[in-house]
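A short write-up of the structure that comes next.
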Amino acid sequence: MPELPEVETIARTLRPALLGAEISEAEIRWARTIAHPSLGEFQERIRGQSIQEVDRRGKFLSVRLSDGYLFIHLRMSGDLVLQEASSPPGKHERLRWRLRRAQAGPAEGQALVFSDPRKFGRVWLTEDPAQVVGDLGPEPLSEAFTVAWLYEQLRRHRRLLKPLLLDQTFLAGLGNIYTDEALYLARLHPATPSHTVTREQAERLHAAIQTVLQEGIRSNGASIDWVYRGGEFQNHFRVYGRTGQPCPTCGALVVKLRLGQRGTHFCSTCQPLREYAD
DNA sequence: AGCATTACCCGCACGC
DNA sequence: TGCGTGCGGGTAATGC
């Protein structure tokens, strides 16, 4: 369920309990969860490492360890929660890290549990972050993401806006929900060819991307389908998942089409394919 | 050659 | 019961 705001929320929630804790053991229940290195090496190398930092890069949760980095990608249905180390494994539990502290602290007797019904989520352990996140585009909430950069990049590519914004090597962190929401706020049709975007449109898109991501973070992310994690941004969707319901701006019905294999929601009145000067 | 696009795939749960 | 759908992205094939 995680896009940038959801992963950000998870990182913020877990950070206090994880910082300073030591990973005493990794218990792997679904082997393919480990993307790198091999199973045995993963278990061997993570044992005894302490957690120095809990952060996010794009949709990856990044955990800096005393020796290396742990990257976790939740893909479609993954979730991370702290549980009692002695708790029985849930139906979809894939990986469990037992935690330990030198002195009694928030993580005492706890375990970090990765559950994932669809088994798409993956975990990496590496000394070189670039090996995992090296190809990601800029962070949309960082200073590197400027109107000038976005405008230039949109003009240089020749792709439809929606698939381009979903491309993590273009920009890191946007997923299907926030892309639809951002294009709506920017009043841009999802199938607009990127190189036809004007400077003014790029300005709107830049602002819209930052707005929807900040809204999502402020709402602690979105909880949709059968995965509920406390976020409530799903109650503020303007177009995503609102096919056939009125557009909040003009009242026309939200329509849905398929773009780049993804369901795409928008208002054909507010987001015309071409913008006519009048 | 080098992009970009498309199709397909991967487990599972859910709604209709 | 069966079928379509999906908060993601990797790969392979195809198109420009």
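Going through the structure tokens in order, the chains are called A, B, and so on, while each chain numbers its residues from 1 and the ligands are numbered from 1 in the order shown.
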DSSP-assigned strand (DSSP E) members of region 10-151 of chain A, reported as a PyMOL selection string: chain A and resi 22-28+34-36+51-57+60-65+68-73+79-84+93-100+110-115+122-126
Taking only C-alpha atoms (C1' of nucleotides) into account, find every residue of chain B that has an atom no more than 8 Å from chain A, and write it out as an NGL selection string. :B and (4 or 10-14)
Counting only C-alpha atoms (C1' of nucleotides), chain A residues within 8 Å of chain C, as a PyMOL selection string: chain A and resi 1-3+75-77+175-177+224
With C-alpha atoms retained, export the selected residues as a PDB file, in the first residue's frame.
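Final output, saved to result-v7.pdb:
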```pdb
ATOM      1  CA  MET A   1       0.000   0.000   0.000  1.00  0.00           C
ATOM      2  CA  PRO A   2       2.898   2.267   0.198  1.00  0.00           C
ATOM      3  CA  GLU A   3       3.778   5.289  -1.789  1.00  0.00           C
ATOM      4  CA  ARG A  75       5.483  -3.047  -3.020  1.00  0.00           C
ATOM      5  CA  MET A  76       1.684  -3.519  -3.121  1.00  0.00           C
ATOM      6  CA  SER A  77       0.634  -5.109   0.140  1.00  0.00           C
ATOM      7  CA  GLY A 175       2.609   5.875  -7.110  1.00  0.00           C
ATOM      8  CA  ASN A 176      -0.766   5.430  -8.731  1.00  0.00           C
ATOM      9  CA  ILE A 177      -2.784   7.363  -6.151  1.00  0.00           C
ATOM     10  CA  ILE A 224      -7.119   1.402   1.353  1.00  0.00           C
TER      11      ILE A 224
END
```
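For the choices A:His265, A:Leu99, A:Glu53, A:Tyr178, the atom-to-atom distance to Ser86 (chain A) is smallest for A:Leu99 when using only C-alpha atoms.
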Which residues come within 10 Å of Phe114 (chain A), counting only C-alpha atoms (C1' of nucleotides), excluding same-chain residues fewer than 2 positions away, as a list of chain:residue names? A:Ile28, A:Arg29, A:Thr33, A:Ile72, A:Leu74, A:Gly78, A:Asp79, A:Leu80, A:Val81, A:Leu82, A:Gly90, A:His92, A:Glu93, A:Arg94, A:Leu95, A:Arg96, A:Trp97, A:Ala111, A:Leu112, A:Asp116, A:Gly121, A:Arg122, A:Val123
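Between CA of Ala26 (chain A) and CA of Lys91 (chain A) there is a distance of 17.8 Å.
Every protein or nucleic acid residue with an atom no more than 10 Å from Pro129 (chain A), counting only C-alpha atoms (C1' of nucleotides) and leaving out same-chain residues fewer than 6 positions away, appears here: Ser62, Arg64, Gly68, Tyr69, Leu70 and Phe71 of chain A.
Relative to CA of Arg155 (chain A), CA of Thr196 (chain A) is found at 6.8 Å.
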Separation of CA of Leu185 (chain A) from CA of Ala202 (chain A) in Å: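 Separation between CA of Ala202 (chain A) and CA of Leu185 (chain A): 12.0 Å.
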Please return, as number ranges by chain, all residues of region 152-216 of chain A that DSSP assigns to alpha helix (DSSP H) on the basis of the backbone. A: 152-156, 161-166, 176-185, 199-216
